[in-house]
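Quick notes on the structure that follows.
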Amino acid sequence: MRLSVPGPRSLAGQLFAMQAVLIAVVVAGYALFSYVSDRSQAEEAATRQARAVARSVADSPSVLAATRAADPSAELQPYALKVMRDTEVDFITIMDPRGIRWTHPDPDQIGQTFQGHTEKALRGQTFTETYTGTLGPSVRAVTPIQDGPRVVGLVSAGIRVEEITQRVQDQLTALLGVAAGALVLGAVGTYVINARLRRHTHGMNAAELSRMHDYHQAALHAVREGLLMLDGQYRVALINDGGRELLGVAGGVVGRSVAELGLPAPLTGALLASEPRVDEVHLTAARVLVINTSPVSGGERRGTVVTLRDVTELQSLMGELDSERGFTQALRSQAHEAANRLHTVVSLIELGRAEEAVEFATAELELAQALTDQVVAAVSEPVLAALLLGKTAQANERGVELMVSEDSSLDDGLLPETLPARDLVTILGNLIDNAVDAAQGSVRARVTVAAYTRSSDGTPELVLRVSDTGPGVDPEHAEAVFQRGFSTKPAGPGGRGLGLALVRQTSQRHGGSLTVAEADGGGAEFEVRLPLRESGTAAEGVPFGVTAARGAGGDA
């Protein structure tokens with residue numbers, strides 16, 4: 001025979017048992033108190049009743065007259081029995097001063113000596129006592145019958161203790177019935193409440209709930225990704241450390257509405273959406289976030305669980321990877337063109353036209369070298385020079401001429417360490433890509449890039465300007481083009497509307513600005529201004545800036 005050890009009760013079960021015991025103890029204590037109190041009150045009431053009946057009989061003129069008769073019992077016995085019935089006492093005994101009974105409920109006891117104390121009554125006093133007589137224990141009152149100052153007889157009226165006990169038992173029975181009803185009602189109410197509690201706690205006991213809370217707190221702070229939980233009214237119910245850092249919020253945000261957190265409008269809209277969101281990219285002032293939302297429902301909307309991932313670094317690396325892909329494609333294209341030119345030179349030599357072969361090869365070399373010299377002379381900063389050369393080749397492949405303006409001047413070592421080359425690639429690369437997209441297909445498709453430094457109000461700043469010959473930007477969309485998700489181009493597999501938003505985000509992170517205007521020859525002109533925070537970094541007339549001009553057809 002195997003003995004099974006019961007597992008720990010659920011929290012609801014423990015509360016039910018505790019409440020049931022508590023109600024039973026309260027009801028039992030109240031019943032005991034009521035029994036003792038009711039018995040005391042019953043004895044006191046019986047004493048008052050016996051005293052009142054005894055005094056009424058002793059003061060009756062007919063009783064006084066009967067005490068002078070030759071046979072008092074003949075007159076007093078019927079009278080005593082009648083008064084007993086009317087007053088609901090168990091006995092009324094009338095006796096002479098010696099204690100010889102003139103009346104008694106049992107006629108055989110008439111003429112016998114009264115069993116009890118009479119000394120105080122013989123002295124003219126009325127008193128009460130509990131005494132065991134011929135009818136058993138009783139609460140009785142003894143009072144004198146006086147003829148003037150002389151005591152001519154005694155009256156004793158009493159109620160048996162058994163009768164008093166019966167009265168208390170009747171009251172106790174009613175009390176126990178009420179107590180049982182209260183216990184049943186309390187048990188039912190407790191069961192209903194604990195059944196609801198059991199559903200909410202999923203049948204777990206207190207130790208399990210405490211352990212789960214500890215795990216919950218540890219996991220909440222250990223997860224590096226952001227976790228945000230919203231209630232049914234889209235108020236913040238819970239947020240971990242990663243969520244605070246990624247959203248850039250501090251202080252007491254729990255209990256506040258999402259709309260009050262000061263987040264960008266697209267991100268706020270995604271958090272307030274009733275439908276789930278999967279891997280959506282959103283921008284904050286300093287980060288690129290991927291969010292996922294999942295509604296919590298249990299018959300009704302209870303809230304939303306939001307996870308946040310920081311892909312700022314990943315997005316930057318993807319931008320660099322796109323640039324590298326562009327460089328690779330440009331090199332592949334140039335290699336193909338170089339092979340064609342080489343075949344041409346070889347064929348000319350085989351035909352005996354060596355001079356024409358030399359002239360053809362020299363012209364191609366001079367053209368490529370002139371382009372390189374132009375870019376390096378204007379922008380000797382190596383990362384940007386390499387970017388411009390690569391983008392020039394890409395643009396040529398797409399039928400767009402990319403030019404570096406004559407006023408561009410940016411020396412190597414001019415940029416401070418606070419302005420990393422990766423951010424400059426993000427800014428200039430996106431602006432040029434958008435400008436090439438916009439200019440492609442236009443008449444004399446051209447993109448012009450300017451990069452220089454200057455001093456504005458005594459503060460050196462970097463200027464990057466890109467202009468194109470595309471259709472330009474509608475003035476109504478001058479601000480919207482910088483919002484994440486806005487684009488006039490067909491959506492691709494990875495989505496559109498992120499390039500200019502990233503440019504603005506990167507510019508603002510370094511305290512700069514991004515503006516758009518109409519280019520001189522038509523099209524759009526985008527200009528980025530970045531302050532050079534380190535002293536002595538830039539001299540007057542040599543700031544770094546890029547103005548990007550591109551059309552509304554760009555990745556706005």
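Chain labels run A, B, ... following the order of the structure tokens; each chain numbers its residues from 1, and ligands are numbered from 1 in the order shown.
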
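If you count only C-alpha atoms and ignore residues fewer than 5 places along the chain from A:Thr134, what sits within 10 Å of it is Asp106, Gln109, Phe114 and Gln115 of chain A.
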
All alpha helix (DSSP H) positions in stretch 208-276 of chain A, as a count of residues only: 30

Spatial neighbours of stretch 40-48 of chain A, max dist 9 Å, only C-alpha atoms, sep filter under 3 positions, as a VMD selection string: chain A and resid 35 to 37 51 to 53 89 128 to 129 139 to 141 158 to 159 161 164 to 165 167 to 168

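From atom CA of A:Val296 back to atom CA of A:Thr284, the distance works out to 25.5 Å.
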
Sel. of strand (DSSP E) residues, stretch 142-342 of chain A, as a PyMOL selection string: chain A and resi 142-147+150-160+226-231+236-239+277-283+288-297+301-310

Kindly save the residues from that selection, with C-alpha atoms included, as a PDB file, in the first residue's frame.
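Contents of result.pdb, freshly written:
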ATOM      1  CA  VAL A 142     -39.404  34.910  50.190  1.00  0.00           C
ATOM      2  CA  THR A 143     -41.371  37.886  51.573  1.00  0.00           C
ATOM      3  CA  PRO A 144     -43.374  38.509  54.776  1.00  0.00           C
ATOM      4  CA  ILE A 145     -47.165  38.971  55.140  1.00  0.00           C
ATOM      5  CA  GLN A 146     -47.516  41.793  57.599  1.00  0.00           C
ATOM      6  CA  ASP A 147     -50.461  42.949  59.704  1.00  0.00           C
ATOM      7  CA  ARG A 150     -46.402  42.106  63.001  1.00  0.00           C
ATOM      8  CA  VAL A 151     -45.443  39.262  60.582  1.00  0.00           C
ATOM      9  CA  VAL A 152     -48.453  36.936  60.365  1.00  0.00           C
ATOM     10  CA  GLY A 153     -47.223  34.744  57.500  1.00  0.00           C
ATOM     11  CA  LEU A 154     -44.692  34.210  54.679  1.00  0.00           C
ATOM     12  CA  VAL A 155     -44.989  33.857  50.884  1.00  0.00           C
ATOM     13  CA  SER A 156     -42.423  32.069  48.673  1.00  0.00           C
ATOM     14  CA  ALA A 157     -42.680  32.132  44.862  1.00  0.00           C
ATOM     15  CA  GLY A 158     -40.142  30.310  42.715  1.00  0.00           C
ATOM     16  CA  ILE A 159     -39.160  29.057  39.273  1.00  0.00           C
ATOM     17  CA  ARG A 160     -37.265  25.793  38.889  1.00  0.00           C
ATOM     18  CA  GLY A 226      13.333  46.436 -24.303  1.00  0.00           C
ATOM     19  CA  LEU A 227      10.089  45.109 -22.841  1.00  0.00           C
ATOM     20  CA  LEU A 228       7.011  47.280 -22.491  1.00  0.00           C
ATOM     21  CA  MET A 229       3.584  46.196 -21.233  1.00  0.00           C
ATOM     22  CA  LEU A 230       0.505  48.372 -21.730  1.00  0.00           C
ATOM     23  CA  ASP A 231      -2.867  47.967 -20.040  1.00  0.00           C
ATOM     24  CA  VAL A 236       2.394  51.802 -19.184  1.00  0.00           C
ATOM     25  CA  ALA A 237       1.913  48.882 -16.807  1.00  0.00           C
ATOM     26  CA  LEU A 238       5.506  47.655 -16.847  1.00  0.00           C
ATOM     27  CA  ILE A 239       8.808  48.642 -18.470  1.00  0.00           C
ATOM     28  CA  ARG A 277       2.952  44.679 -35.450  1.00  0.00           C
ATOM     29  CA  VAL A 278       5.805  42.414 -36.581  1.00  0.00           C
ATOM     30  CA  ASP A 279       9.414  43.624 -37.018  1.00  0.00           C
ATOM     31  CA  GLU A 280       8.506  47.233 -37.791  1.00  0.00           C
ATOM     32  CA  VAL A 281      11.419  49.660 -38.035  1.00  0.00           C
ATOM     33  CA  HIS A 282      10.987  52.994 -36.241  1.00  0.00           C
ATOM     34  CA  LEU A 283      13.301  55.893 -35.540  1.00  0.00           C
ATOM     35  CA  VAL A 288      16.737  52.750 -35.000  1.00  0.00           C
ATOM     36  CA  LEU A 289      14.314  50.347 -33.280  1.00  0.00           C
ATOM     37  CA  VAL A 290      12.545  47.203 -34.417  1.00  0.00           C
ATOM     38  CA  ILE A 291       9.267  46.741 -32.541  1.00  0.00           C
ATOM     39  CA  ASN A 292       6.878  43.815 -32.188  1.00  0.00           C
ATOM     40  CA  THR A 293       3.488  44.160 -30.501  1.00  0.00           C
ATOM     41  CA  SER A 294       1.128  41.418 -29.380  1.00  0.00           C
ATOM     42  CA  PRO A 295      -2.302  42.110 -27.829  1.00  0.00           C
ATOM     43  CA  VAL A 296      -3.129  40.310 -24.572  1.00  0.00           C
ATOM     44  CA  SER A 297      -6.704  39.088 -24.552  1.00  0.00           C
ATOM     45  CA  ARG A 301      -8.681  43.362 -24.414  1.00  0.00           C
ATOM     46  CA  ARG A 302      -6.365  43.418 -21.430  1.00  0.00           C
ATOM     47  CA  GLY A 303      -3.368  45.202 -22.911  1.00  0.00           C
ATOM     48  CA  THR A 304      -0.387  44.885 -25.221  1.00  0.00           C
ATOM     49  CA  VAL A 305       3.080  43.361 -24.893  1.00  0.00           C
ATOM     50  CA  VAL A 306       5.762  45.283 -26.808  1.00  0.00           C
ATOM     51  CA  THR A 307       9.327  44.135 -27.473  1.00  0.00           C
ATOM     52  CA  LEU A 308      12.014  46.570 -28.657  1.00  0.00           C
ATOM     53  CA  ARG A 309      15.329  45.799 -30.351  1.00  0.00           C
ATOM     54  CA  ASP A 310      18.071  48.294 -31.082  1.00  0.00           C
TER      55      ASP A 310
END

Which residues come within 10 Å of A:Glu401, counting only C-alpha atoms, excluding same-chain residues fewer than 6 positions away, as a PDB file with N, CA, C and O atoms, in the first residue's frame?
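Output file part.pdb is given in full below:
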ATOM      1  N   THR A 392      30.342  57.761 -57.968  1.00  0.00           N
ATOM      2  CA  THR A 392      30.463  58.281 -59.333  1.00  0.00           C
ATOM      3  C   THR A 392      30.346  57.147 -60.340  1.00  0.00           C
ATOM      4  O   THR A 392      29.644  57.254 -61.359  1.00  0.00           O
ATOM      5  N   ALA A 393      31.038  56.047 -60.053  1.00  0.00           N
ATOM      6  CA  ALA A 393      30.960  54.893 -60.950  1.00  0.00           C
ATOM      7  C   ALA A 393      29.550  54.330 -60.992  1.00  0.00           C
ATOM      8  O   ALA A 393      29.036  53.971 -62.065  1.00  0.00           O
ATOM      9  N   GLN A 394      28.889  54.244 -59.824  1.00  0.00           N
ATOM     10  CA  GLN A 394      27.518  53.743 -59.778  1.00  0.00           C
ATOM     11  C   GLN A 394      26.589  54.632 -60.600  1.00  0.00           C
ATOM     12  O   GLN A 394      25.725  54.146 -61.342  1.00  0.00           O
ATOM     13  N   ALA A 395      26.744  55.929 -60.413  1.00  0.00           N
ATOM     14  CA  ALA A 395      25.872  56.863 -61.127  1.00  0.00           C
ATOM     15  C   ALA A 395      26.080  56.737 -62.640  1.00  0.00           C
ATOM     16  O   ALA A 395      25.111  56.754 -63.416  1.00  0.00           O
ATOM     17  N   VAL A 436      20.499  60.255 -57.112  1.00  0.00           N
ATOM     18  CA  VAL A 436      20.662  59.493 -58.354  1.00  0.00           C
ATOM     19  C   VAL A 436      19.332  58.884 -58.775  1.00  0.00           C
ATOM     20  O   VAL A 436      18.970  58.897 -59.965  1.00  0.00           O
ATOM     21  N   ALA A 439      17.339  61.761 -60.283  1.00  0.00           N
ATOM     22  CA  ALA A 439      17.846  62.330 -61.541  1.00  0.00           C
ATOM     23  C   ALA A 439      17.793  61.339 -62.687  1.00  0.00           C
ATOM     24  O   ALA A 439      17.766  61.741 -63.862  1.00  0.00           O
ATOM     25  N   GLN A 440      17.781  60.053 -62.397  1.00  0.00           N
ATOM     26  CA  GLN A 440      17.807  59.037 -63.444  1.00  0.00           C
ATOM     27  C   GLN A 440      16.590  59.199 -64.372  1.00  0.00           C
ATOM     28  O   GLN A 440      15.459  59.284 -63.918  1.00  0.00           O
ATOM     29  N   ARG A 444      19.777  65.382 -69.342  1.00  0.00           N
ATOM     30  CA  ARG A 444      21.097  65.723 -68.784  1.00  0.00           C
ATOM     31  C   ARG A 444      21.128  65.385 -67.287  1.00  0.00           C
ATOM     32  O   ARG A 444      21.393  66.235 -66.437  1.00  0.00           O
ATOM     33  N   ALA A 445      20.816  64.141 -66.984  1.00  0.00           N
ATOM     34  CA  ALA A 445      20.747  63.682 -65.586  1.00  0.00           C
ATOM     35  C   ALA A 445      22.068  63.949 -64.885  1.00  0.00           C
ATOM     36  O   ALA A 445      23.129  63.497 -65.338  1.00  0.00           O
ATOM     37  N   ARG A 446      21.989  64.686 -63.809  1.00  0.00           N
ATOM     38  CA  ARG A 446      23.208  65.102 -63.112  1.00  0.00           C
ATOM     39  C   ARG A 446      22.937  65.227 -61.609  1.00  0.00           C
ATOM     40  O   ARG A 446      21.867  65.665 -61.191  1.00  0.00           O
ATOM     41  N   VAL A 447      23.930  64.859 -60.841  1.00  0.00           N
ATOM     42  CA  VAL A 447      23.931  65.045 -59.388  1.00  0.00           C
ATOM     43  C   VAL A 447      25.196  65.800 -59.031  1.00  0.00           C
ATOM     44  O   VAL A 447      26.302  65.404 -59.457  1.00  0.00           O
ATOM     45  N   THR A 448      25.050  66.870 -58.261  1.00  0.00           N
ATOM     46  CA  THR A 448      26.192  67.689 -57.867  1.00  0.00           C
ATOM     47  C   THR A 448      26.372  67.612 -56.354  1.00  0.00           C
ATOM     48  O   THR A 448      25.414  67.813 -55.594  1.00  0.00           O
ATOM     49  N   ASP A 468      20.146  67.652 -57.482  1.00  0.00           N
ATOM     50  CA  ASP A 468      19.909  66.789 -58.637  1.00  0.00           C
ATOM     51  C   ASP A 468      19.078  67.527 -59.670  1.00  0.00           C
ATOM     52  O   ASP A 468      18.611  68.647 -59.447  1.00  0.00           O
TER      53      ASP A 468
END

Exercise: stretch 170-187 of chain A partners within 10 Å, only C-alpha atoms, chain neighbours under 4 positions left out, as an MDAnalysis selection string: chainID A and resid 16:17 19:28 30:32 34:36 38:39 165:166 191:193
